[in-house]
file input12.tsv (TSV, C-alpha atoms and all ligand atoms)
chain	number	residue	atom	x	y	z
A	1	MET	CA	213.09	245.47	211.99
A	2	MET	CA	216.07	244.23	209.93
A	3	TYR	CA	215.76	243.51	206.26
A	4	ASP	CA	218.34	242.27	203.81
A	5	SER	CA	217.91	245.43	201.83
A	6	LEU	CA	215.56	248.30	201.23
A	7	LEU	CA	215.17	249.76	197.75
A	8	SER	CA	213.27	252.94	197.13
A	9	CYS	CA	212.17	254.67	193.97
A	10	ARG	CA	209.94	257.59	193.07
A	11	VAL	CA	206.96	256.98	190.82
A	12	GLU	CA	204.78	259.93	189.78
A	13	GLY	CA	205.73	261.87	192.89
A	14	TRP	CA	205.25	258.94	195.31
A	15	TRP	CA	208.13	257.28	197.09
A	16	ILE	CA	207.80	253.50	196.89
A	17	VAL	CA	209.87	251.38	199.24
A	18	LEU	CA	210.56	247.80	198.20
A	19	ILE	CA	211.51	245.49	201.04
A	20	LYS	CA	213.57	242.47	200.14
A	21	MET	CA	212.88	239.60	202.50
A	22	LYS	CA	215.65	237.29	203.69
A	23	ASP	CA	216.21	234.24	201.52
A	24	ASN	CA	216.04	230.76	203.08
A	25	GLN	CA	219.77	230.65	203.76
A	26	ALA	CA	219.70	234.00	205.58
A	27	ILE	CA	216.74	232.88	207.71
A	28	ILE	CA	218.55	229.66	208.61
A	29	GLN	CA	221.65	231.61	209.58
A	30	SER	CA	219.60	233.95	211.79
A	31	ILE	CA	217.99	231.00	213.55
A	32	GLN	CA	221.36	229.27	213.99
A	33	LEU	CA	222.66	232.45	215.60
A	34	ALA	CA	219.60	232.67	217.82
A	35	ALA	CA	220.08	229.01	218.79
A	36	ALA	CA	223.69	229.64	219.79
A	37	GLY	CA	222.81	232.64	221.94
A	38	ALA	CA	219.33	231.88	223.28
A	39	MET	CA	218.86	231.87	227.03
A	40	ASP	CA	216.50	228.92	226.92
A	41	ASP	CA	214.41	226.90	224.52
A	42	LYS	CA	211.28	229.03	225.04
A	43	SER	CA	212.98	232.24	223.99
A	44	LEU	CA	214.54	230.45	221.00
A	45	MET	CA	211.13	229.14	219.91
A	46	ALA	CA	209.55	232.58	220.39
A	47	GLU	CA	212.29	234.22	218.36
A	48	THR	CA	211.96	231.57	215.64
A	49	VAL	CA	208.21	231.91	215.14
A	50	ALA	CA	208.45	235.71	215.12
A	51	LEU	CA	211.26	235.68	212.57
A	52	LEU	CA	209.47	233.24	210.27
A	53	GLN	CA	206.27	235.26	210.29
A	54	ARG	CA	208.14	238.51	209.73
A	55	GLU	CA	210.11	237.18	206.79
A	56	ARG	CA	207.39	235.33	204.92
A	57	SER	CA	204.26	237.32	204.18
A	58	HIS	CA	202.21	234.17	203.44
A	59	TYR	CA	202.88	232.79	206.98
A	60	ASN	CA	199.82	234.24	208.74
A	61	TRP	CA	199.92	232.06	211.86
A	62	VAL	CA	203.15	230.46	213.04
A	63	GLY	CA	203.35	228.31	216.15
A	64	ILE	CA	205.25	225.47	217.77
A	65	TYR	CA	203.49	222.58	219.48
A	66	LEU	CA	205.43	220.42	221.93
A	67	LEU	CA	204.55	216.81	222.56
A	68	GLU	CA	203.80	216.03	226.21
A	69	LYS	CA	203.04	212.32	226.53
A	70	ASP	CA	200.40	211.98	223.79
A	71	ILE	CA	199.14	215.57	223.71
A	72	LEU	CA	200.51	218.37	221.55
A	73	VAL	CA	200.66	221.48	223.71
A	74	LEU	CA	200.87	224.89	222.07
A	75	GLY	CA	204.08	226.77	222.86
A	76	PRO	CA	205.15	230.14	221.43
A	77	PHE	CA	203.08	231.39	218.49
A	78	VAL	CA	202.35	234.55	216.51
A	79	GLY	CA	198.96	235.26	214.95
A	80	LYS	CA	195.42	235.11	216.24
A	81	PRO	CA	194.78	233.03	219.37
A	82	THR	CA	193.66	229.49	218.51
A	83	PRO	CA	191.17	227.35	220.44
A	84	HIS	CA	193.44	224.35	219.76
A	85	THR	CA	196.04	224.73	222.47
A	86	ARG	CA	196.07	221.00	223.34
A	87	ILE	CA	195.67	218.49	220.53
A	88	PRO	CA	195.67	214.73	221.18
A	89	LEU	CA	197.89	212.73	218.82
A	90	ASN	CA	194.89	211.11	217.19
A	91	GLN	CA	193.25	214.41	216.23
A	92	GLY	CA	193.73	217.10	213.61
A	93	ILE	CA	196.38	217.55	211.00
A	94	CYS	CA	198.74	218.36	213.84
A	95	GLY	CA	198.14	214.97	215.42
A	96	ALA	CA	198.62	213.23	212.06
A	97	ALA	CA	201.96	214.91	211.38
A	98	ALA	CA	203.26	214.14	214.87
A	99	SER	CA	202.06	210.51	214.73
A	100	THR	CA	203.77	209.81	211.41
A	101	GLY	CA	206.82	212.06	211.89
A	102	GLN	CA	206.23	213.33	208.33
A	103	THR	CA	205.80	216.88	207.05
A	104	LEU	CA	202.22	217.50	205.94
A	105	ILE	CA	201.17	220.15	203.43
A	106	LEU	CA	197.48	220.90	202.91
A	107	ASP	CA	196.80	222.98	199.81
A	108	ASP	CA	193.14	223.26	200.84
A	109	VAL	CA	192.48	222.78	204.54
A	110	HIS	CA	188.74	222.37	203.99
A	111	ALA	CA	189.29	219.34	201.79
A	112	ASP	CA	190.76	217.34	204.69
A	113	PRO	CA	188.23	215.96	207.18
A	114	ARG	CA	190.90	215.81	209.91
A	115	TYR	CA	191.41	219.58	209.81
A	116	LEU	CA	190.76	221.53	213.02
A	117	ALA	CA	190.08	225.19	212.21
A	118	CYS	CA	192.19	227.80	213.93
A	119	SER	CA	190.79	230.78	212.06
A	120	LEU	CA	188.13	231.28	209.39
A	121	GLU	CA	190.61	232.91	207.02
A	122	THR	CA	193.01	229.95	206.90
A	123	ARG	CA	193.17	228.25	203.49
A	124	SER	CA	196.34	226.17	203.55
A	125	GLU	CA	198.68	224.74	206.19
A	126	ILE	CA	202.10	223.13	206.63
A	127	ILE	CA	203.20	221.09	209.63
A	128	VAL	CA	206.81	220.02	210.11
A	129	PRO	CA	207.69	217.62	212.94
A	130	ILE	CA	210.68	218.36	215.17
A	131	ILE	CA	212.52	215.07	215.63
A	132	ARG	CA	215.50	214.11	217.77
A	133	ASP	CA	217.00	210.61	217.86
A	134	GLY	CA	213.96	209.30	216.02
A	135	GLN	CA	211.58	210.73	218.63
A	136	VAL	CA	209.01	213.42	217.75
A	137	LEU	CA	209.41	216.28	220.24
A	138	GLY	CA	206.90	218.64	218.66
A	139	GLU	CA	206.17	220.44	215.42
A	140	ILE	CA	206.20	223.74	213.60
A	141	ASP	CA	202.68	224.59	212.40
A	142	ILE	CA	202.01	227.37	209.88
A	143	ASP	CA	198.66	228.55	208.50
A	144	SER	CA	198.24	230.73	205.44
A	145	ASP	CA	195.24	232.75	204.29
A	146	ILE	CA	196.33	231.98	200.71
A	147	PRO	CA	195.25	228.68	199.08
A	148	ALA	CA	198.13	226.28	198.26
A	149	ALA	CA	200.63	228.74	199.73
A	150	PHE	CA	203.32	226.23	200.71
A	151	ARG	CA	205.88	224.94	198.23
A	152	GLU	CA	209.04	222.89	198.26
A	153	GLU	CA	211.09	225.91	199.34
A	154	ASP	CA	208.89	226.31	202.43
A	155	ARG	CA	209.21	222.61	203.22
A	156	SER	CA	213.00	222.65	202.95
A	157	LEU	CA	213.29	225.88	204.97
A	158	LEU	CA	211.07	224.61	207.77
A	159	GLU	CA	212.60	221.14	207.89
A	160	HIS	CA	215.97	222.81	208.29
A	161	VAL	CA	214.61	225.05	211.05
A	162	ALA	CA	213.19	221.97	212.81
A	163	GLU	CA	216.65	220.38	212.69
A	164	ILE	CA	218.17	223.45	214.34
A	165	LEU	CA	215.52	223.49	217.08
A	166	ALA	CA	215.60	219.74	217.82
A	167	PRO	CA	218.85	219.61	219.85
A	168	LYS	CA	217.87	222.77	221.72
A	169	LEU	CA	214.56	221.66	223.18
A	170	SER	CA	214.95	221.16	226.88
A	171	SER	CA	214.37	218.47	229.40
A	172	GLU	CA	210.64	219.02	229.92
A	173	VAL	CA	210.22	217.90	226.35
A	174	THR	CA	212.70	215.06	226.40
A	175	GLY	CA	211.83	213.82	229.87
A	176	LEU	CA	215.46	214.19	230.91
A	177	GLN	CA	215.67	215.96	234.27
A	178	PRO	CA	218.29	218.72	234.33
A	179	VAL	CA	221.23	218.51	236.70
A	180	LEU	CA	221.00	221.49	239.04
A	181	VAL	CA	224.27	223.39	239.41
A	182	THR	CA	225.23	226.58	241.26
A	183	ALA	CA	228.05	228.94	240.31
A	184	GLY	CA	229.61	231.94	242.05
A	185	ILE	CA	230.62	235.28	240.62
A	186	LEU	CA	233.51	236.76	242.58
A	187	THR	CA	234.80	240.16	241.53
A	188	LYS	CA	237.81	242.27	242.44
A	189	GLY	CA	237.49	245.76	240.94
A	190	ASP	CA	237.10	245.21	237.24
A	191	ARG	CA	238.21	241.58	237.42
A	192	VAL	CA	236.18	238.40	237.68
A	193	LEU	CA	237.38	235.08	239.10
A	194	ILE	CA	237.36	232.36	236.45
A	195	CYS	CA	238.51	228.76	236.68
A	196	GLN	CA	239.90	226.42	234.05
A	197	ARG	CA	238.65	222.86	234.30
A	198	HIS	CA	241.33	220.29	235.02
A	199	HIS	CA	242.69	218.67	231.84
A	200	SER	CA	241.55	215.25	233.03
A	201	ASP	CA	237.92	216.35	233.64
A	202	ALA	CA	235.08	216.31	231.12
A	203	TYR	CA	235.34	219.46	229.00
A	204	GLY	CA	238.93	219.75	230.31
A	205	MET	CA	240.77	223.06	229.82
A	206	GLN	CA	237.54	225.00	229.23
A	207	TRP	CA	236.80	227.90	231.55
A	208	GLU	CA	233.91	228.22	233.97
A	209	PHE	CA	232.86	229.90	237.20
A	210	PRO	CA	233.50	228.09	240.47
A	211	GLY	CA	230.62	226.01	241.83
A	212	GLY	CA	229.11	222.63	241.19
A	213	LYS	CA	226.31	220.15	241.41
A	214	VAL	CA	223.64	220.64	244.06
A	215	GLU	CA	223.27	217.54	246.21
A	216	ASP	CA	219.91	216.00	247.12
A	217	ASN	CA	217.94	218.15	249.56
A	218	GLU	CA	220.69	220.78	249.60
A	219	GLU	CA	219.69	224.45	249.63
A	220	LEU	CA	221.16	226.36	246.63
A	221	LYS	CA	223.23	228.95	248.51
A	222	GLU	CA	224.43	226.36	250.98
A	223	SER	CA	225.50	224.17	248.09
A	224	LEU	CA	227.54	227.00	246.58
A	225	ARG	CA	229.18	227.74	249.95
A	226	ARG	CA	230.22	224.08	250.18
A	227	GLU	CA	231.56	224.01	246.62
A	228	LEU	CA	233.59	227.21	247.12
A	229	ALA	CA	235.13	225.76	250.28
A	230	GLU	CA	235.99	222.50	248.51
A	231	GLU	CA	237.31	224.05	245.30
A	232	LEU	CA	238.93	227.27	246.51
A	233	SER	CA	239.29	226.86	250.25
A	234	ILE	CA	237.28	229.98	251.07
A	235	GLU	CA	234.38	230.67	253.40
A	236	ALA	CA	232.06	232.63	251.13
A	237	ALA	CA	229.12	234.93	251.79
A	238	VAL	CA	226.70	234.07	249.00
A	239	GLY	CA	224.59	237.01	247.76
A	240	ASP	CA	221.79	237.44	245.23
A	241	GLU	CA	220.93	235.17	242.33
A	242	VAL	CA	221.84	237.11	239.18
A	243	PHE	CA	221.30	234.69	236.32
A	244	ARG	CA	219.81	231.30	235.60
A	245	LEU	CA	220.09	229.25	232.46
A	246	ARG	CA	219.35	225.85	231.04
A	247	HIS	CA	221.66	224.16	228.62
A	248	ARG	CA	221.64	220.84	226.89
A	249	TYR	CA	224.94	219.06	226.39
A	250	PRO	CA	224.90	215.91	224.25
A	251	ASP	CA	224.88	213.72	227.37
A	252	ARG	CA	222.90	215.78	229.89
A	253	ASN	CA	220.83	218.87	230.62
A	254	VAL	CA	222.01	221.37	233.18
A	255	GLU	CA	220.28	224.19	234.98
A	256	VAL	CA	222.88	226.63	236.29
A	257	VAL	CA	222.01	229.22	238.94
A	258	PHE	CA	224.55	232.03	239.28
A	259	PHE	CA	224.97	233.94	242.54
A	260	LEU	CA	227.05	236.98	243.41
A	261	VAL	CA	229.69	236.33	246.05
A	262	PRO	CA	230.24	239.81	247.52
A	263	SER	CA	232.81	238.72	250.11
A	264	TYR	CA	234.70	235.74	251.49
A	265	ARG	CA	237.07	234.82	254.27
A	266	GLY	CA	240.39	233.08	253.67
A	267	THR	CA	242.81	233.04	250.78
A	268	ILE	CA	241.92	231.50	247.47
A	269	VAL	CA	243.75	228.21	246.98
A	270	ASN	CA	243.30	226.30	243.74
A	271	ARG	CA	242.38	222.80	244.86
A	272	VAL	CA	240.82	221.25	241.78
A	273	PHE	CA	241.29	223.37	238.69
A	274	GLU	CA	243.96	223.51	236.00
A	275	ALA	CA	244.22	227.26	236.63
A	276	VAL	CA	242.41	230.09	238.41
A	277	GLU	CA	242.57	233.66	237.14
A	278	TRP	CA	241.20	237.11	237.91
A	279	ALA	CA	240.26	238.05	234.34
A	280	PRO	CA	239.42	241.59	233.22
A	281	ARG	CA	235.69	241.69	232.57
A	282	ALA	CA	236.02	243.02	229.02
A	283	ARG	CA	238.38	240.16	228.10
A	284	LEU	CA	236.08	237.36	229.32
A	285	PRO	CA	234.79	236.44	225.82
A	286	GLN	CA	238.38	235.69	224.76
A	287	TYR	CA	238.51	232.67	227.09
A	288	GLU	CA	237.05	229.39	225.88
A	289	PHE	CA	234.18	229.02	228.33
A	290	LEU	CA	231.88	226.03	228.73
A	291	GLU	CA	229.10	226.34	226.19
A	292	ALA	CA	226.49	226.87	228.90
A	293	ASP	CA	228.31	229.92	230.30
A	294	ARG	CA	228.83	231.81	227.03
A	295	GLU	CA	225.64	233.87	227.11
A	296	LEU	CA	226.39	235.03	230.65
A	297	VAL	CA	230.02	235.77	229.77
A	298	CYS	CA	228.94	238.05	226.90
A	299	ARG	CA	226.49	239.85	229.16
A	300	MET	CA	229.13	240.33	231.84
A	301	ALA	CA	231.62	241.66	229.29
A	302	ARG	CA	228.97	244.19	228.21
A	303	GLY	CA	228.55	245.22	231.84
A	304	GLU	CA	224.95	244.01	232.01
A	305	ILE	CA	225.49	241.65	234.96
A	306	ALA	CA	227.53	241.94	238.15
B	401	LIG	N1	194.84	223.09	211.97
B	401	LIG	C1	195.46	222.30	212.97
B	401	LIG	C2	195.16	222.84	214.37
B	401	LIG	C3	196.10	223.89	214.80
B	401	LIG	S1	195.61	225.47	214.41
B	401	LIG	O1	195.67	225.54	212.96
B	401	LIG	C4	196.70	226.55	214.99
B	401	LIG	C5	194.98	220.85	212.88
B	401	LIG	O2	194.11	220.55	212.11
B	401	LIG	O3	195.50	220.02	213.62
call {"tool": "encode", "arguments": {"input": "input12.tsv", "output": "structure tokens"}}
result
Amino acid sequence: MMYDSLLSCRVEGWWIVLIKMKDNQAIIQSIQLAAAGAMDDKSLMAETVALLQRERSHYNWVGIYLLEKDILVLGPFVGKPTPHTRIPLNQGICGAAASTGQTLILDDVHADPRYLACSLETRSEIIVPIIRDGQVLGEIDIDSDIPAAFREEDRSLLEHVAEILAPKLSSEVTGLQPVLVTAGILTKGDRVLICQRHHSDAYGMQWEFPGGKVEDNEELKESLRRELAEELSIEAAVGDEVFRLRHRYPDRNVEVVFFLVPSYRGTIVNRVFEAVEWAPRARLPQYEFLEADRELVCRMARGEIA
């Protein structure tokens, strides 16, 4: 566990360790970092709820509900299991917060007739909607065993966290189907083949791995073979899937499936890119890769993949 600082002192022969929790700004920075590096929205949400509970002792139950049509469906959470894993929009405090798009703070949960009990110990609750483009995607829900536990500083922290999460929630939540893409990892000794997008293409001059969009009814490996022939003029043997990620760009969601390409026939000819390079693995993070590829690039540079 990482804390901002640990102080210790000795009182009457006993060592006392004082743990200083992160302040709001430090929590926000940690979640921003997690958002930049997370493999997918589920792991980001799981990391977020765990971090919030760890850093705030009055957050006894922390969970994220995601709106699916008109039902709030419980996603990652920490704390005791709750019977309320699916809450219709017209029920509970959760439903009220999602319907209005407003943060709700209940100093005394038992004073509100809408309250659905998650645990007998709960005394107060805060619910913060996660909103993107005016649309409620879900909400952060926190229960405390302490009465009136939530103050302005909790509201501002959690509203900021909701803003960080909003652009990261994936297509299942937004209804936008991801574009399925395959990519190939070709290696030569310690080097990896990387391609720079043509300056006239979207995200021009950024680096990526060769591959492309899977066509309707096309099998994934077959699609990659076709792309490698079109882009690099090679006849590739496509091996195992090594990595899969989802990423949301402002205009679209992509799901990228990476395959090893252990061998190929022919000579590599650059047919579509600005440049093609065999880059030393350890230097990969120095290239400006497409946002979606950055997590994989870091892992490859650390020798964790391929
Ligand atoms: N108390 C919420 C239900 C969720 S559980 O607390 C986890 C409500 O009244 O909607």
call {"tool": "closest_atom_pairs", "arguments": {"input": "input12.tsv", "of": "range 103-209 of chain A", "to": "range 213-222 of chain A", "cutoff": "12 Å", "atoms": "all atoms listed in the file", "output": "JSON lines"}}
result
{"residue": "A:Pro178", "atom": "CA", "partner": "A:Lys213", "partner_atom": "CA", "distance": 10.8}
{"residue": "A:Val179", "atom": "CA", "partner": "A:Lys213", "partner_atom": "CA", "distance": 7.1}
{"residue": "A:Leu180", "atom": "CA", "partner": "A:Val214", "partner_atom": "CA", "distance": 5.7}
{"residue": "A:Val181", "atom": "CA", "partner": "A:Lys213", "partner_atom": "CA", "distance": 4.3}
{"residue": "A:Thr182", "atom": "CA", "partner": "A:Lys213", "partner_atom": "CA", "distance": 6.5}
{"residue": "A:Ala183", "atom": "CA", "partner": "A:Lys213", "partner_atom": "CA", "distance": 9.0}
{"residue": "A:Gly184", "atom": "CA", "partner": "A:Lys221", "partner_atom": "CA", "distance": 9.6}
call {"tool": "atom_distance", "arguments": {"input": "input12.tsv", "atom1": "CA of His58 in chain A", "atom2": "CA of Asn90 in chain A"}}
result
27.8 Å
call {"tool": "atom_distance", "arguments": {"input": "input12.tsv", "atom1": "atom O3 of ligand LIG 401 (chain B)", "atom2": "CA of Glu153 in chain A"}}
result
21.9 Å
call {"tool": "residues_near_ligand", "arguments": {"input": "input12.tsv", "ligand": "ligand LIG 401 (chain B)", "cutoff": "6 Å", "atoms": "only C-alpha atoms and all ligand atoms", "output": "VMD selection string"}}
result
chain A and resid 82 84 92 to 95 115 to 118
call {"tool": "closest_atom_pairs", "arguments": {"input": "input12.tsv", "of": "range 114-166 of chain A", "to": "range 23-34 of chain A", "cutoff": "10 Å", "atoms": "all atoms listed in the file", "output": "Markdown table"}}
result
| residue | atom | partner | partner_atom | distance |
| --- | --- | --- | --- | --- |
| A:Glu153 | CA | A:Asn24 | CA | 7.9 |
| A:Asp154 | CA | A:Asn24 | CA | 8.4 |
| A:Ser156 | CA | A:Asn24 | CA | 8.7 |
| A:Leu157 | CA | A:Asn24 | CA | 5.9 |
| A:Leu158 | CA | A:Ile28 | CA | 9.1 |
| A:His160 | CA | A:Ile28 | CA | 7.3 |
| A:Val161 | CA | A:Ile28 | CA | 6.5 |
| A:Ile164 | CA | A:Gln32 | CA | 6.6 |
| A:Leu165 | CA | A:Ile31 | CA | 8.7 |
call {"tool": "write_last_selection", "arguments": {"input": "input12.tsv", "atoms": "C-alpha atoms", "output": "PDB file, in the frame of the given file"}}
result
ATOM      1  CA  GLU A 153     211.090 225.910 199.340  1.00  0.00           C
ATOM      2  CA  ASP A 154     208.890 226.310 202.430  1.00  0.00           C
ATOM      3  CA  SER A 156     213.000 222.650 202.950  1.00  0.00           C
ATOM      4  CA  LEU A 157     213.290 225.880 204.970  1.00  0.00           C
ATOM      5  CA  LEU A 158     211.070 224.610 207.770  1.00  0.00           C
ATOM      6  CA  HIS A 160     215.970 222.810 208.290  1.00  0.00           C
ATOM      7  CA  VAL A 161     214.610 225.050 211.050  1.00  0.00           C
ATOM      8  CA  ILE A 164     218.170 223.450 214.340  1.00  0.00           C
ATOM      9  CA  LEU A 165     215.520 223.490 217.080  1.00  0.00           C
TER      10      LEU A 165
END
call {"tool": "build_atoms", "arguments": {"input": "input12.tsv", "residues": "range 129-156 of chain A", "atoms": "N, CA and C atoms", "output": "mmCIF file, in the coordinates of the input"}}
result
data_model
loop_
_atom_site.group_PDB
_atom_site.id
_atom_site.type_symbol
_atom_site.label_atom_id
_atom_site.label_comp_id
_atom_site.auth_asym_id
_atom_site.auth_seq_id
_atom_site.Cartn_x
_atom_site.Cartn_y
_atom_site.Cartn_z
ATOM 1 N N PRO A 129 207.305 218.176 211.639
ATOM 2 C CA PRO A 129 207.690 217.620 212.940
ATOM 3 C C PRO A 129 209.121 217.987 213.328
ATOM 4 N N ILE A 130 209.331 218.133 214.633
ATOM 5 C CA ILE A 130 210.680 218.360 215.170
ATOM 6 C C ILE A 130 211.093 217.033 215.804
ATOM 7 N N ILE A 131 212.159 216.441 215.247
ATOM 8 C CA ILE A 131 212.520 215.070 215.630
ATOM 9 C C ILE A 131 213.948 215.031 216.162
ATOM 10 N N ARG A 132 214.132 214.342 217.293
ATOM 11 C CA ARG A 132 215.500 214.110 217.770
ATOM 12 C C ARG A 132 215.661 212.630 218.109
ATOM 13 N N ASP A 133 216.728 212.037 217.635
ATOM 14 C CA ASP A 133 217.000 210.610 217.860
ATOM 15 C C ASP A 133 215.761 209.761 217.541
ATOM 16 N N GLY A 134 215.111 210.085 216.454
ATOM 17 C CA GLY A 134 213.960 209.300 216.020
ATOM 18 C C GLY A 134 212.684 209.548 216.809
ATOM 19 N N GLN A 135 212.745 210.469 217.771
ATOM 20 C CA GLN A 135 211.580 210.730 218.630
ATOM 21 C C GLN A 135 210.981 212.099 218.269
ATOM 22 N N VAL A 136 209.651 212.137 218.046
ATOM 23 C CA VAL A 136 209.010 213.420 217.750
ATOM 24 C C VAL A 136 208.886 214.224 219.047
ATOM 25 N N LEU A 137 209.468 215.435 219.041
ATOM 26 C CA LEU A 137 209.410 216.280 220.240
ATOM 27 C C LEU A 137 208.301 217.321 220.129
ATOM 28 N N GLY A 138 207.926 217.622 218.886
ATOM 29 C CA GLY A 138 206.900 218.640 218.660
ATOM 30 C C GLY A 138 206.823 218.936 217.188
ATOM 31 N N GLU A 139 206.277 220.112 216.838
ATOM 32 C CA GLU A 139 206.170 220.440 215.420
ATOM 33 C C GLU A 139 206.002 221.936 215.204
ATOM 34 N N ILE A 140 206.437 222.353 214.020
ATOM 35 C CA ILE A 140 206.200 223.740 213.600
ATOM 36 C C ILE A 140 204.916 223.700 212.774
ATOM 37 N N ASP A 141 203.962 224.567 213.109
ATOM 38 C CA ASP A 141 202.680 224.590 212.400
ATOM 39 C C ASP A 141 202.488 225.987 211.817
ATOM 40 N N ILE A 142 202.204 226.056 210.509
ATOM 41 C CA ILE A 142 202.010 227.370 209.880
ATOM 42 C C ILE A 142 200.727 227.354 209.049
ATOM 43 N N ASP A 143 199.903 228.378 209.264
ATOM 44 C CA ASP A 143 198.660 228.550 208.500
ATOM 45 C C ASP A 143 198.841 229.726 207.550
ATOM 46 N N SER A 144 198.234 229.594 206.371
ATOM 47 C CA SER A 144 198.240 230.730 205.440
ATOM 48 C C SER A 144 196.817 231.044 205.016
ATOM 49 N N ASP A 145 196.561 232.332 204.790
ATOM 50 C CA ASP A 145 195.240 232.750 204.290
ATOM 51 C C ASP A 145 195.159 232.566 202.764
ATOM 52 N N ILE A 146 196.275 232.166 202.163
ATOM 53 C CA ILE A 146 196.330 231.980 200.710
ATOM 54 C C ILE A 146 196.203 230.480 200.404
ATOM 55 N N PRO A 147 195.345 230.114 199.422
ATOM 56 C CA PRO A 147 195.250 228.680 199.080
ATOM 57 C C PRO A 147 196.582 228.179 198.514
ATOM 58 N N ALA A 148 196.911 226.940 198.796
ATOM 59 C CA ALA A 148 198.130 226.280 198.260
ATOM 60 C C ALA A 148 199.364 227.178 198.376
ATOM 61 N N ALA A 149 199.550 227.754 199.565
ATOM 62 C CA ALA A 149 200.630 228.740 199.730
ATOM 63 C C ALA A 149 202.006 228.097 199.908
ATOM 64 N N PHE A 150 202.031 226.816 200.306
ATOM 65 C CA PHE A 150 203.320 226.230 200.710
ATOM 66 C C PHE A 150 203.911 225.363 199.609
ATOM 67 N N ARG A 151 205.169 225.641 199.307
ATOM 68 C CA ARG A 151 205.880 224.940 198.230
ATOM 69 C C ARG A 151 207.089 224.216 198.782
ATOM 70 N N GLU A 152 207.843 223.621 197.863
ATOM 71 C CA GLU A 152 209.040 222.890 198.260
ATOM 72 C C GLU A 152 210.010 223.762 199.054
ATOM 73 N N GLU A 153 210.111 225.043 198.649
ATOM 74 C CA GLU A 153 211.090 225.910 199.340
ATOM 75 C C GLU A 153 210.663 226.165 200.789
ATOM 76 N N ASP A 154 209.341 226.153 201.038
ATOM 77 C CA ASP A 154 208.890 226.310 202.430
ATOM 78 C C ASP A 154 209.200 225.029 203.211
ATOM 79 N N ARG A 155 208.932 223.891 202.559
ATOM 80 C CA ARG A 155 209.210 222.610 203.220
ATOM 81 C C ARG A 155 210.695 222.524 203.601
ATOM 82 N N SER A 156 211.571 222.837 202.648
ATOM 83 C CA SER A 156 213.000 222.650 202.950
ATOM 84 C C SER A 156 213.456 223.658 204.001
#
